>>> print(open('start16.txt').read())   # compact mmCIF, C-alpha atoms
# COMPACT_ATOMS: atom_id res chain seq x y z
CA MET A 4 89.43 149.92 36.36
CA SER A 5 89.07 151.79 33.16
CA ALA A 6 91.43 154.54 32.30
CA ASP A 7 90.32 157.84 30.99
CA PRO A 8 93.03 158.96 28.61
CA THR A 9 91.44 162.36 28.24
CA GLN A 10 92.51 163.15 31.77
CA VAL A 11 95.57 165.30 31.98
CA LEU A 12 98.18 165.21 34.70
CA ALA A 13 97.09 167.25 37.70
CA PHE A 14 100.18 169.41 37.51
CA GLU A 15 99.42 170.42 33.97
CA THR A 16 96.23 172.17 35.02
CA ASP A 17 95.44 174.59 37.72
CA CYS A 18 92.64 172.43 38.92
CA HIS A 19 91.97 172.41 42.64
CA ILE A 20 89.16 171.26 44.90
CA PHE A 21 86.15 173.62 45.08
CA ASP A 22 87.05 174.87 41.60
CA GLY A 23 84.42 172.66 40.11
CA CYS A 24 86.71 170.03 38.64
CA GLY A 25 86.89 166.42 39.71
CA PHE A 26 89.84 164.64 41.28
CA PRO A 27 92.22 163.56 38.55
CA ALA A 28 92.81 160.10 40.00
CA PRO A 29 95.83 158.16 38.81
CA GLY A 30 95.07 155.12 36.76
CA LEU A 31 96.38 152.92 34.02
CA HIS A 32 96.90 156.00 31.91
CA SER A 33 99.60 157.04 34.41
CA PHE A 34 101.68 154.16 33.12
CA LEU A 35 101.46 155.07 29.47
CA PHE A 36 103.76 157.50 27.81
CA GLU A 37 103.66 159.26 24.55
CA PRO A 38 106.62 158.07 22.49
CA LEU A 39 109.51 160.45 22.46
CA VAL A 40 110.52 159.16 19.07
CA GLY A 41 108.50 157.11 16.61
CA ASP A 42 104.89 156.14 16.28
CA GLY A 43 102.89 154.65 19.15
CA THR A 44 100.56 152.83 16.78
CA SER A 45 103.39 150.79 15.29
CA ASN A 46 105.90 148.76 17.26
CA VAL A 47 108.75 151.10 16.44
CA TYR A 48 108.98 153.82 18.99
CA PHE A 49 111.09 155.06 21.87
CA ASP A 50 109.50 156.30 25.06
CA LYS A 51 110.36 157.43 28.55
CA THR A 52 110.62 153.97 30.11
CA MET A 53 113.05 152.81 27.43
CA LEU A 54 115.10 155.93 27.95
CA LEU A 55 115.14 155.27 31.69
CA ALA A 56 116.03 151.62 31.17
CA LEU A 57 119.01 152.45 28.98
CA LEU A 58 120.02 155.35 31.19
CA GLY A 59 119.81 153.03 34.18
CA SER A 60 122.16 150.59 32.47
CA VAL A 61 124.58 153.40 31.79
CA ILE A 62 124.44 154.47 35.43
CA ILE A 63 125.07 150.95 36.73
CA ILE A 64 127.95 150.41 34.32
CA GLY A 65 129.28 153.89 35.08
CA PHE A 66 129.20 153.22 38.79
CA PHE A 67 130.90 149.85 38.59
CA TRP A 68 133.29 151.10 35.94
CA ALA A 69 134.42 153.87 38.25
CA ALA A 70 134.66 151.46 41.16
CA PHE A 71 136.10 148.31 39.57
CA ARG A 72 137.95 149.48 36.47
CA LYS A 73 141.24 149.71 38.28
CA PRO A 74 140.52 148.12 41.61
CA ALA A 75 143.09 148.49 44.35
CA VAL A 76 144.00 145.98 47.00
CA VAL A 77 143.50 148.78 49.51
CA PRO A 78 140.14 150.13 48.31
CA GLY A 79 139.07 153.72 47.99
CA LYS A 80 135.68 154.91 49.19
CA LEU A 81 133.82 154.21 45.95
CA GLN A 82 135.38 150.80 45.56
CA MET A 83 134.51 149.99 49.15
CA VAL A 84 130.85 150.84 48.59
CA ALA A 85 130.71 148.86 45.35
CA GLU A 86 132.49 145.94 47.01
CA ALA A 87 129.97 145.98 49.83
CA GLY A 88 127.12 145.75 47.30
CA TYR A 89 128.88 143.06 45.33
CA ASP A 90 129.74 141.09 48.41
CA PHE A 91 126.20 141.36 49.72
CA VAL A 92 124.78 139.72 46.62
CA ARG A 93 127.56 137.21 46.25
CA ARG A 94 127.84 136.05 49.83
CA GLY A 95 124.43 137.00 51.18
CA ILE A 96 122.33 135.65 48.34
CA VAL A 97 124.22 133.34 45.97
CA TYR A 98 126.45 131.48 48.44
CA GLU A 99 123.61 131.27 50.94
CA THR A 100 121.18 129.62 48.55
CA ILE A 101 123.21 127.76 45.91
CA GLY A 102 126.40 127.26 47.84
CA LYS A 103 129.87 128.52 47.16
CA LYS A 104 131.07 125.79 44.84
CA GLU A 105 128.08 125.58 42.51
CA GLY A 106 126.99 129.18 42.91
CA GLU A 107 130.21 130.87 41.81
CA LYS A 108 129.25 130.47 38.16
CA TYR A 109 125.99 132.37 38.60
CA VAL A 110 127.38 135.27 40.62
CA PRO A 111 127.74 137.67 37.63
CA LEU A 112 124.19 137.00 36.48
CA VAL A 113 122.68 137.45 39.91
CA VAL A 114 124.73 140.56 40.65
CA SER A 115 123.68 142.10 37.34
CA LEU A 116 120.06 141.18 37.98
CA PHE A 117 120.06 142.65 41.44
CA PHE A 118 121.56 145.98 40.50
CA PHE A 119 119.57 146.21 37.29
CA VAL A 120 116.26 145.59 39.04
CA TRP A 121 117.17 147.89 41.89
CA MET A 122 118.16 150.69 39.54
CA MET A 123 114.96 150.28 37.52
CA ASN A 124 112.96 150.43 40.75
CA LEU A 125 114.92 153.40 42.02
CA TRP A 126 113.82 155.51 39.07
CA SER A 127 110.52 155.74 40.93
CA ILE A 128 111.80 158.32 43.38
CA ILE A 129 114.57 159.96 41.39
CA PRO A 130 113.39 163.51 40.64
CA VAL A 131 112.33 164.27 37.06
CA ALA A 132 112.34 160.56 36.12
CA GLN A 133 109.92 159.55 38.88
CA PHE A 134 108.75 156.39 37.26
CA PRO A 135 109.67 152.83 38.17
CA VAL A 136 110.64 151.15 34.93
CA THR A 137 109.72 147.78 36.41
CA ALA A 138 106.09 148.97 36.68
CA ILE A 139 105.87 148.18 32.97
CA ILE A 140 105.39 144.42 32.79
CA SER A 141 107.77 144.03 29.83
CA TYR A 142 110.88 144.66 31.91
CA PRO A 143 110.24 142.20 34.74
CA ALA A 144 108.84 139.73 32.20
CA GLY A 145 112.04 139.87 30.16
CA LEU A 146 114.20 139.28 33.20
CA ALA A 147 111.95 136.51 34.49
CA ALA A 148 112.13 134.90 31.04
CA ILE A 149 115.93 134.87 31.15
CA VAL A 150 115.82 133.20 34.57
CA TYR A 151 113.14 130.78 33.39
CA VAL A 152 115.13 129.68 30.36
CA LEU A 153 118.21 129.32 32.51
CA TRP A 154 116.72 127.13 35.21
CA VAL A 155 114.65 124.98 32.86
CA SER A 156 117.66 124.27 30.64
CA LEU A 157 119.80 123.67 33.72
CA THR A 158 117.28 121.15 35.00
CA PHE A 159 117.35 119.23 31.73
CA LYS A 160 121.12 119.36 31.57
CA ARG A 161 121.56 118.18 35.12
CA HIS A 162 118.89 115.48 35.31
CA GLY A 163 118.22 114.38 31.73
CA PHE A 164 114.73 114.29 30.31
CA VAL A 165 113.13 111.86 32.78
CA GLY A 166 114.93 113.36 35.73
CA ALA A 167 113.89 116.84 34.73
CA PHE A 168 110.30 115.71 34.39
CA LYS A 169 110.45 114.19 37.86
CA ASN A 170 112.03 117.41 39.11
CA PHE A 171 109.29 119.57 37.61
CA THR A 172 106.45 117.35 38.80
CA GLY A 173 107.85 116.66 42.24
CA TYR A 174 107.67 112.92 41.62
CA ASP A 175 107.36 111.09 44.93
CA LYS A 176 106.18 107.46 45.11
CA SER A 177 105.14 107.72 48.73
CA LEU A 178 102.21 109.91 47.71
CA GLY A 179 100.42 106.82 46.39
CA PRO A 180 97.09 107.40 44.66
CA VAL A 181 97.33 111.19 44.92
CA LEU A 182 100.51 111.13 42.88
CA PRO A 183 98.99 111.98 39.48
CA LEU A 184 97.11 114.93 40.91
CA ALA A 185 100.16 116.14 42.85
CA MET A 186 102.29 115.80 39.73
CA PHE A 187 99.81 117.76 37.70
CA ILE A 188 99.62 120.56 40.24
CA GLU A 189 103.38 120.66 40.68
CA PHE A 190 103.97 120.73 36.96
CA PHE A 191 101.47 123.54 36.54
CA SER A 192 102.87 125.44 39.50
CA ASN A 193 106.51 125.05 38.53
CA LEU A 194 106.51 125.52 34.81
CA LEU A 195 103.60 127.88 34.24
CA VAL A 196 102.77 129.80 37.39
CA ARG A 197 106.27 130.27 38.72
CA PRO A 198 107.72 132.48 35.96
CA PHE A 199 104.48 134.43 35.87
CA THR A 200 104.49 135.18 39.61
CA HIS A 201 108.21 135.86 39.46
CA ALA A 202 107.63 138.70 37.01
CA VAL A 203 104.31 139.91 38.37
CA ARG A 204 105.49 140.07 41.98
CA LEU A 205 108.01 142.70 41.02
CA PHE A 206 105.78 144.42 38.52
CA ALA A 207 102.75 144.67 40.84
CA ASN A 208 104.77 145.94 43.77
CA MET A 209 106.25 148.74 41.74
CA PHE A 210 102.97 149.42 39.99
CA ALA A 211 101.12 149.76 43.28
CA GLY A 212 103.89 151.80 44.84
CA HIS A 213 103.91 154.23 41.98
CA THR A 214 100.12 154.50 42.06
CA LEU A 215 100.18 155.28 45.77
CA LEU A 216 102.85 157.92 45.31
CA LEU A 217 100.89 159.43 42.45
CA LEU A 218 97.69 159.39 44.46
CA PHE A 219 99.14 161.34 47.34
CA THR A 220 101.13 163.66 45.12
CA ILE A 221 98.12 164.53 43.00
CA ALA A 222 95.97 164.88 46.09
CA SER A 223 98.45 167.28 47.63
CA TRP A 224 98.09 169.49 44.60
CA TYR A 225 94.39 169.00 44.12
CA LEU A 226 93.51 169.80 47.73
CA LEU A 227 95.48 173.02 47.73
CA ASN A 228 92.47 175.33 48.02
CA GLY A 229 90.54 176.77 50.97
CA ILE A 230 90.08 174.39 53.87
CA GLY A 231 91.58 171.69 51.67
CA ILE A 232 95.04 173.08 52.36
CA ALA A 233 95.10 171.32 55.75
CA TYR A 234 94.34 168.02 54.02
CA ALA A 235 96.89 168.81 51.37
CA GLY A 236 99.47 169.04 54.16
CA VAL A 237 98.51 165.60 55.43
CA SER A 238 98.66 164.26 51.92
CA PHE A 239 102.09 165.75 51.40
CA ILE A 240 103.37 164.15 54.59
CA MET A 241 102.06 160.89 53.16
CA VAL A 242 104.06 161.55 50.00
CA ILE A 243 107.21 161.80 52.05
CA ILE A 244 106.39 158.70 54.09
CA MET A 245 105.50 156.73 50.98
CA THR A 246 108.69 157.85 49.27
CA ALA A 247 110.72 156.51 52.17
CA PHE A 248 108.63 153.35 52.14
CA GLU A 249 109.17 152.93 48.40
CA LEU A 250 112.89 153.30 48.88
CA PHE A 251 112.70 150.29 51.16
CA ILE A 252 110.32 148.33 48.91
CA GLN A 253 112.52 148.93 45.85
CA ALA A 254 115.53 147.35 47.50
CA LEU A 255 113.41 144.59 49.01
CA GLN A 256 111.80 143.67 45.69
CA ALA A 257 115.17 143.60 43.95
CA TYR A 258 116.39 141.32 46.73
CA VAL A 259 113.32 139.07 46.49
CA PHE A 260 113.65 138.85 42.72
CA VAL A 261 117.24 137.63 42.82
CA LEU A 262 116.65 135.45 45.86
CA LEU A 263 113.93 133.63 43.94
CA THR A 264 116.25 133.39 40.96
CA CYS A 265 118.84 131.69 43.15
CA THR A 266 116.24 129.39 44.66
CA PHE A 267 115.15 128.29 41.19
CA ILE A 268 118.72 127.65 40.11
CA GLN A 269 119.39 125.76 43.31
CA GLY A 270 116.26 123.68 42.71
CA ALA A 271 117.49 122.86 39.22
CA LEU A 272 120.89 121.78 40.51
CA ALA A 273 119.61 119.84 43.52
CA GLU A 274 119.66 116.04 43.35
CA HIS A 275 116.15 115.63 44.68
CA HIS A 276 113.46 118.10 44.13
CA MET B 29 96.51 164.52 25.45
CA SER B 30 97.09 163.21 22.00
CA GLN B 31 95.09 160.72 20.01
CA LEU B 32 98.09 158.41 20.06
CA LEU B 33 97.89 157.93 23.77
CA ILE B 34 94.17 157.21 23.52
CA LEU B 35 94.91 154.53 20.99
CA ALA B 36 97.70 153.12 23.11
CA VAL B 37 95.44 152.90 26.14
CA GLU B 38 92.73 151.16 24.15
CA GLU B 39 95.24 148.72 22.74
CA SER B 40 96.87 147.77 25.99
CA GLU B 41 94.04 147.90 28.43
CA ASN B 42 95.53 144.96 30.25
CA PRO B 43 98.70 146.04 32.12
CA LEU B 44 99.85 142.41 32.26
CA VAL B 45 100.25 142.13 28.49
CA PRO B 46 103.86 143.11 27.82
CA PRO B 47 104.46 145.54 24.97
CA ILE B 48 107.15 144.04 22.74
CA PRO B 49 109.35 147.13 22.15
CA GLU B 50 109.79 147.63 25.90
CA LEU B 51 110.57 143.93 26.27
CA VAL B 52 113.30 144.17 23.65
CA ILE B 53 114.81 147.35 25.06
CA GLY B 54 114.63 145.93 28.57
CA LEU B 55 116.51 142.81 27.51
CA ILE B 56 119.07 144.86 25.64
CA ALA B 57 119.60 147.11 28.66
CA PHE B 58 120.05 144.10 30.90
CA VAL B 59 122.37 142.30 28.53
CA ILE B 60 124.57 145.40 28.32
CA VAL B 61 124.82 145.53 32.11
CA PHE B 62 125.42 141.80 32.32
CA GLY B 63 128.07 141.95 29.61
CA PHE B 64 130.07 144.67 31.26
CA LEU B 65 129.84 143.19 34.71
CA ALA B 66 130.44 139.57 33.77
CA LYS B 67 133.20 140.08 31.23
CA LYS B 68 135.20 142.93 32.65
CA LEU B 69 134.31 144.45 35.97
CA LEU B 70 133.55 141.48 38.19
CA PRO B 71 136.62 139.48 37.07
CA ASN B 72 138.61 142.64 37.85
CA ILE B 73 137.33 142.89 41.36
CA ASN B 74 137.53 139.15 41.94
CA LYS B 75 141.21 139.23 41.11
CA VAL B 76 141.78 142.08 43.52
CA LEU B 77 139.73 140.41 46.26
CA GLU B 78 141.83 137.31 45.80
CA GLU B 79 145.02 139.36 46.00
CA ARG B 80 143.75 141.07 49.11
CA ARG B 81 142.88 137.74 50.69
CA GLU B 82 146.38 136.49 49.94
CA ALA B 83 147.93 139.69 51.24
CA ILE B 84 145.99 139.40 54.46
CA GLU B 85 146.81 135.73 54.82
CA GLY B 86 150.48 136.48 54.04
CA GLY B 87 150.43 139.21 56.68
CA ILE B 88 148.95 136.83 59.16
CA GLU B 89 151.55 134.20 58.32
CA LYS B 90 154.34 136.74 58.74
CA ALA B 91 152.93 137.83 62.06
CA GLU B 92 152.68 134.22 63.14
CA ALA B 93 156.28 133.56 62.10
CA ALA B 94 157.44 136.64 63.99
CA GLN B 95 155.51 135.51 67.00
CA THR B 96 156.99 132.01 66.97
CA GLU B 97 160.45 133.48 66.57
CA ALA B 98 159.89 135.84 69.46
CA GLN B 99 158.61 132.92 71.47
CA SER B 100 161.65 130.79 70.74
CA VAL B 101 163.99 133.67 71.52
CA LEU B 102 162.20 134.23 74.77
CA GLU B 103 162.50 130.56 75.63
CA GLN B 104 166.19 130.57 74.78
CA TYR B 105 166.67 133.63 76.92
CA LYS B 106 164.76 132.05 79.77
CA ALA B 107 166.79 128.86 79.43
CA GLN B 108 170.02 130.83 79.48
CA LEU B 109 168.87 132.79 82.48
CA ALA B 110 167.93 129.60 84.30
CA GLU B 111 171.31 128.09 83.42
CA ALA B 112 173.12 131.18 84.67
CA ARG B 113 171.15 131.07 87.90
CA HIS B 114 171.93 127.43 88.29
CA GLU B 115 175.61 128.06 87.62
CA ALA B 116 175.69 130.89 90.14
CA ALA B 117 174.02 128.69 92.72
CA ARG B 118 176.49 125.93 92.00
CA LEU B 119 179.45 128.32 92.36
CA ARG B 120 178.09 129.64 95.62
CA GLN B 121 177.62 126.12 96.87
CA GLU B 122 181.16 125.23 95.87
CA ALA B 123 182.56 128.32 97.53
CA GLN B 124 180.67 127.52 100.69
CA GLU B 125 181.95 123.96 100.63
CA GLN B 126 185.48 125.11 100.02
CA GLY B 127 185.21 127.66 102.82
CA ALA B 128 183.88 125.00 105.15
CA THR B 129 186.72 122.59 104.33
CA LEU B 130 189.26 125.38 104.76
CA ILE B 131 187.86 126.24 108.16
CA ALA B 132 187.78 122.59 109.10
CA GLU B 133 191.36 122.12 107.93
CA MET B 134 192.55 125.15 109.82
CA ARG B 135 190.69 124.03 112.90
CA ALA B 136 192.31 120.59 112.63
CA GLU B 137 195.70 122.18 112.11
CA GLY B 138 195.24 124.41 115.15
CA GLN B 139 194.14 121.43 117.16
CA ARG B 140 197.14 119.52 116.00
CA GLN B 141 199.53 122.36 116.84
CA ARG B 142 197.90 122.81 120.23
CA GLU B 143 198.31 119.14 120.91
CA GLU B 144 201.94 119.27 119.80
CA ILE B 145 202.61 122.21 122.05
CA VAL B 146 200.85 120.50 124.93
CA ALA B 147 202.71 117.29 124.25
CA ALA B 148 206.03 119.16 124.08
CA GLY B 149 205.21 120.85 127.38
CA HIS B 150 204.39 117.52 128.95
CA ALA B 151 207.62 115.99 127.62
CA GLN B 152 209.61 118.93 128.98
CA ILE B 153 207.96 118.64 132.36
CA GLU B 154 208.63 114.88 132.35
CA ALA B 155 212.26 115.43 131.42
CA ASP B 156 212.62 118.07 134.13
CA ARG B 157 210.94 115.79 136.59
CA LYS B 158 213.29 112.94 135.60
CA ALA B 159 216.30 115.19 135.82
CA ALA B 160 215.12 116.44 139.19
CA ALA B 161 214.47 112.91 140.36
CA SER B 162 217.89 111.69 139.28
CA ALA B 163 219.57 114.70 140.86
CA LEU B 164 217.58 114.08 144.01
CA ARG B 165 218.57 110.41 143.99
CA GLN B 166 222.25 111.33 143.72
CA ASP B 167 221.78 113.80 146.53
CA VAL B 168 219.92 111.18 148.56
CA GLY B 169 222.77 108.65 147.89
CA LYS B 170 225.33 111.16 148.96
CA LEU B 171 223.29 111.99 152.03
CA ALA B 172 222.78 108.30 152.70
CA THR B 173 226.52 107.73 152.51
CA GLU B 174 226.93 110.67 154.81
CA LEU B 175 224.31 109.25 157.11
CA ALA B 176 225.93 105.80 157.03
CA GLY B 177 229.23 107.36 158.09
CA LYS B 178 227.47 109.01 160.99
CA LEU B 179 225.81 105.78 161.92
CA VAL B 180 229.05 103.86 162.27
CA GLY B 181 229.58 103.01 165.83
CA GLU B 182 225.95 102.68 166.70
CA SER B 183 224.27 99.17 166.99
CA LEU B 184 222.78 97.98 163.75
CA GLU B 185 220.55 95.44 165.51
CA ASP B 186 218.54 98.02 167.21
CA HIS B 187 215.95 98.80 164.59
CA ALA B 188 214.22 101.25 166.72
CA ARG B 189 217.29 103.17 167.29
CA GLN B 190 218.15 102.99 163.59
CA SER B 191 214.71 104.33 162.69
CA ARG B 192 215.04 107.05 165.17
CA VAL B 193 218.42 107.96 163.64
CA ILE B 194 216.80 108.12 160.17
CA ASP B 195 213.85 110.11 161.40
CA ARG B 196 216.14 112.46 163.16
CA PHE B 197 218.15 112.75 159.97
CA LEU B 198 215.14 113.54 157.88
CA GLU B 199 213.88 116.07 160.43
CA ASP B 200 217.30 117.64 160.26
CA LEU B 201 216.98 117.84 156.55
CA GLU B 202 213.57 119.42 156.79
CA GLU B 203 214.83 121.87 159.35
CA LYS B 204 217.69 122.70 157.05
CA ALA B 205 215.26 123.16 154.20
CA GLU B 206 213.05 125.31 156.45
CA ALA B 207 216.00 127.34 157.46
CA ALA B 208 217.13 127.67 153.85
CA ARG B 209 213.73 128.99 152.80
>>> encode(input="start16.txt", output="structure tokens")
Amino acid sequence: MSADPTQVLAFETDCHIFDGCGFPAPGLHSFLFEPLVGDGTSNVYFDKTMLLALLGSVIIIGFFWAAFRKPAVVPGKLQMVAEAGYDFVRRGIVYETIGKKEGEKYVPLVVSLFFFVWMMNLWSIIPVAQFPVTAIISYPAGLAAIVYVLWVSLTFKRHGFVGAFKNFTGYDKSLGPVLPLAMFIEFFSNLLVRPFTHAVRLFANMFAGHTLLLLFTIASWYLLNGIGIAYAGVSFIMVIIMTAFELFIQALQAYVFVLLTCTFIQGALAEHH
Amino acid sequence: MSQLLILAVEESENPLVPPIPELVIGLIAFVIVFGFLAKKLLPNINKVLEERREAIEGGIEKAEAAQTEAQSVLEQYKAQLAEARHEAARLRQEAQEQGATLIAEMRAEGQRQREEIVAAGHAQIEADRKAAASALRQDVGKLATELAGKLVGESLEDHARQSRVIDRFLEDLEEKAEAAR
């Protein structure tokens, strides 16, 4: 899939079907932004996704600041909503996977992760922004790296060097002659593939979702000519359906991301892998 | 579109290669969120949740205490009521017993008085009878004396005659009595 950077966004032209111009399909170029500040050729620049990431942080902090700054024993509406979200992550994810006693320590991290990822995903369907920050691999990769460092160091701390090695390789004597192969695969799967899939799962979901939304949105515009108008209508209905679907996927992917995080931490804390 | 974007696309053809500036900003954004939540906001809400839990548990304890108190009061009340009922029953029983003894006593007294009266009547009748008998005996003596006087001069050997005399005498008496009536 090669991107054609000379293509312009469909909305920036008045290009429709039967006008003699091709379909401006979304591609990799849809995920690249001209820097708002700085120089794209160097590594010092500031673009839309960074702005959205920081803005997202501000929104999350703003929301929880408003809700939890002066919390009341009898909660107001905002506090109730925030508490529901907090309680969902704490009880529904952390306590369920790690357990109440051991998990309590990781609640702030997991809560932050969940709302951060969700907010970054949500940007996808927020008007004007309309871009999921997590569709840029850097953001999920950074978060996955934090989790990776955490669970690997936890494993070493909990089990010592040999124990951690056994934990990573799934050491099990009963496997007999297959043991070396199993250990190799497990080691590869745990230490190398796992963080990669952790980040890419989120990234790819948001990437694909955004591409789909773009496809139907551009098509709605592109088809808006002659008989194409009927198809444009269908395409627009698809935009609405996909937007609703994305809303669901965004929350689901945030949930999956933190659920995996908890599973990794639990695996690091467990006595036997 | 600008030349810059063309360059950027050529540089990062692979969407899985993370651009470093985004990585840094992403981490910074996350750390900011984590910092605020972990250091300030979540401890805040945890404290309040704990307080709420205590408040609810305190409320429940209070309610439980009130309930037990109500229960004990109810039991006391029931016990008192039962005691009162028992007492009333006892008093009624006593009254009945007393009434029964009174009636029995009065009946015995009446019986006794009746018997006294009857006995007195009998004694009176006996006395009258005795008096009448003694008076009759005197009269009979007198009459016998009288009869003996009349019999003087007649043979005492003749029993038959003597009997006849007595029979005649008694018939006379009866006739006199008949005549007197």
>>> atom_distance(input="start16.txt", atom1="atom CA of B:Ala91", atom2="atom CA of A:Ala75")
22.9 Å
>>> closest_residue(input="start16.txt", among="A:Lys51, A:Met122, A:His32, A:Val76", to="B:Ala83", atoms="all atoms listed in the file")
A:Val76
>>> residues_around(input="start16.txt", residues="A:Lys80", least_positions_apart="6", cutoff="12 Å", atoms="all atoms listed in the file", output="PyMOL selection string")
chain A and resi 69-71+74+86-87
>>> interface_residues(input="start16.txt", of="chain B", to="chain A", cutoff="6 Å", atoms="all atoms listed in the file", output="short mmCIF file (atom, residue, chain, number, x, y, z; two decimals) with C-alpha atoms, keeping the file's coordinate frame")
data_model
loop_
_atom_site.label_atom_id
_atom_site.label_comp_id
_atom_site.auth_asym_id
_atom_site.auth_seq_id
_atom_site.Cartn_x
_atom_site.Cartn_y
_atom_site.Cartn_z
CA LEU B 33 97.89 157.93 23.77
CA ILE B 34 94.17 157.21 23.52
CA LEU B 44 99.85 142.41 32.26
CA PRO B 46 103.86 143.11 27.82
CA GLU B 50 109.79 147.63 25.90
CA LEU B 51 110.57 143.93 26.27
CA GLY B 54 114.63 145.93 28.57
CA LEU B 55 116.51 142.81 27.51
CA ALA B 57 119.60 147.11 28.66
CA VAL B 61 124.82 145.53 32.11
CA PHE B 62 125.42 141.80 32.32
CA ALA B 66 130.44 139.57 33.77
CA LEU B 69 134.31 144.45 35.97
CA ILE B 73 137.33 142.89 41.36
CA VAL B 76 141.78 142.08 43.52
CA ARG B 80 143.75 141.07 49.11
#
>>> closest_residue(input="start16.txt", among="B:Gln108, B:Leu179, B:Glu137, B:Val45", to="B:Arg192", atoms="all atoms listed in the file")
B:Leu179
>>> atom_distance(input="start16.txt", atom1="atom CA of A:Val92", atom2="atom CA of A:Leu216")
28.5 Å
>>> residues_near_point(input="start16.txt", point="(114.8, 160.9, 46.9)", cutoff="10 Å", atoms="all atoms listed in the file", output="ChimeraX atom specification")
/A:125-130,133,243,246-247,249-250
>>> closest_residue(input="start16.txt", among="A:Val150, A:Ala167, A:Val155, A:Val181", to="A:Leu194", atoms="only C-alpha atoms")
A:Val155
>>> residues_around(input="start16.txt", residues="A:Asn193", least_positions_apart="3", cutoff="10 Å", atoms="all atoms listed in the file", output="PDB file with C-alpha atoms, in the coordinates of the input")
ATOM      1  CA  VAL A 155     114.650 124.980  32.860  1.00  0.00           C
ATOM      2  CA  ASN A 170     112.030 117.410  39.110  1.00  0.00           C
ATOM      3  CA  PHE A 171     109.290 119.570  37.610  1.00  0.00           C
ATOM      4  CA  THR A 172     106.450 117.350  38.800  1.00  0.00           C
ATOM      5  CA  GLY A 173     107.850 116.660  42.240  1.00  0.00           C
ATOM      6  CA  PHE A 187      99.810 117.760  37.700  1.00  0.00           C
ATOM      7  CA  ILE A 188      99.620 120.560  40.240  1.00  0.00           C
ATOM      8  CA  GLU A 189     103.380 120.660  40.680  1.00  0.00           C
ATOM      9  CA  PHE A 190     103.970 120.730  36.960  1.00  0.00           C
ATOM     10  CA  VAL A 196     102.770 129.800  37.390  1.00  0.00           C
ATOM     11  CA  ARG A 197     106.270 130.270  38.720  1.00  0.00           C
ATOM     12  CA  PRO A 198     107.720 132.480  35.960  1.00  0.00           C
ATOM     13  CA  PHE A 199     104.480 134.430  35.870  1.00  0.00           C
ATOM     14  CA  PHE A 267     115.150 128.290  41.190  1.00  0.00           C
TER      15      PHE A 267
END
>>> closest_residue(input="start16.txt", among="A:Ser238, A:Ala185, A:Val40, A:Phe260", to="A:Leu226", atoms="only C-alpha atoms")
A:Ser238
>>> atom_distance(input="start16.txt", atom1="atom CA of A:Gln253", atom2="atom CA of A:His213")
10.8 Å
>>> residues_around(input="start16.txt", residues="B:Leu198", least_positions_apart="5", cutoff="12 Å", atoms="only C-alpha atoms", output="PyMOL selection string")
chain B and resi 168+171-172+175+191-193+203-205
>>> write_last_selection(input="start16.txt", atoms="C-alpha atoms", output="CSV table (one decimal), in the frame of the given file")
chain,number,residue,atom,x,y,z
B,168,VAL,CA,219.9,111.2,148.6
B,171,LEU,CA,223.3,112.0,152.0
B,172,ALA,CA,222.8,108.3,152.7
B,175,LEU,CA,224.3,109.2,157.1
B,191,SER,CA,214.7,104.3,162.7
B,192,ARG,CA,215.0,107.0,165.2
B,193,VAL,CA,218.4,108.0,163.6
B,203,GLU,CA,214.8,121.9,159.4
B,204,LYS,CA,217.7,122.7,157.0
B,205,ALA,CA,215.3,123.2,154.2
>>> residues_around(input="start16.txt", residues="A:Phe26", least_positions_apart="4", cutoff="9 Å", atoms="only C-alpha atoms", output="ChimeraX atom specification")
/A:13,18-20,221-222,225
>>> write_last_selection(input="start16.txt", atoms="C-alpha atoms", output="mmCIF file, keeping the file's coordinate frame")
data_model
loop_
_atom_site.group_PDB
_atom_site.id
_atom_site.type_symbol
_atom_site.label_atom_id
_atom_site.label_comp_id
_atom_site.auth_asym_id
_atom_site.auth_seq_id
_atom_site.Cartn_x
_atom_site.Cartn_y
_atom_site.Cartn_z
ATOM 1 C CA ALA A 13 97.090 167.250 37.700
ATOM 2 C CA CYS A 18 92.640 172.430 38.920
ATOM 3 C CA HIS A 19 91.970 172.410 42.640
ATOM 4 C CA ILE A 20 89.160 171.260 44.900
ATOM 5 C CA ILE A 221 98.120 164.530 43.000
ATOM 6 C CA ALA A 222 95.970 164.880 46.090
ATOM 7 C CA TYR A 225 94.390 169.000 44.120
#
>>> decode(input="start16.txt", residues="stretch 158-170 of chain B", atoms="C-alpha atoms", output="PDB file, in the first residue's frame")
ATOM      1  CA  LYS B 158     -93.626 -35.151 128.674  1.00  0.00           C
ATOM      2  CA  ALA B 159     -95.611 -32.451 130.392  1.00  0.00           C
ATOM      3  CA  ALA B 160     -98.785 -33.783 128.817  1.00  0.00           C
ATOM      4  CA  ALA B 161     -97.879 -37.319 129.802  1.00  0.00           C
ATOM      5  CA  SER B 162     -97.159 -36.368 133.399  1.00  0.00           C
ATOM      6  CA  ALA B 163    -100.350 -34.321 133.602  1.00  0.00           C
ATOM      7  CA  LEU B 164    -102.235 -37.252 132.127  1.00  0.00           C
ATOM      8  CA  ARG B 165    -100.640 -39.622 134.630  1.00  0.00           C
ATOM      9  CA  GLN B 166    -101.710 -37.398 137.526  1.00  0.00           C
ATOM     10  CA  ASP B 167    -105.177 -37.250 136.050  1.00  0.00           C
ATOM     11  CA  VAL B 168    -105.166 -41.014 135.557  1.00  0.00           C
ATOM     12  CA  GLY B 169    -104.012 -41.488 139.218  1.00  0.00           C
ATOM     13  CA  LYS B 170    -106.741 -39.221 140.423  1.00  0.00           C
TER      14      LYS B 170
END
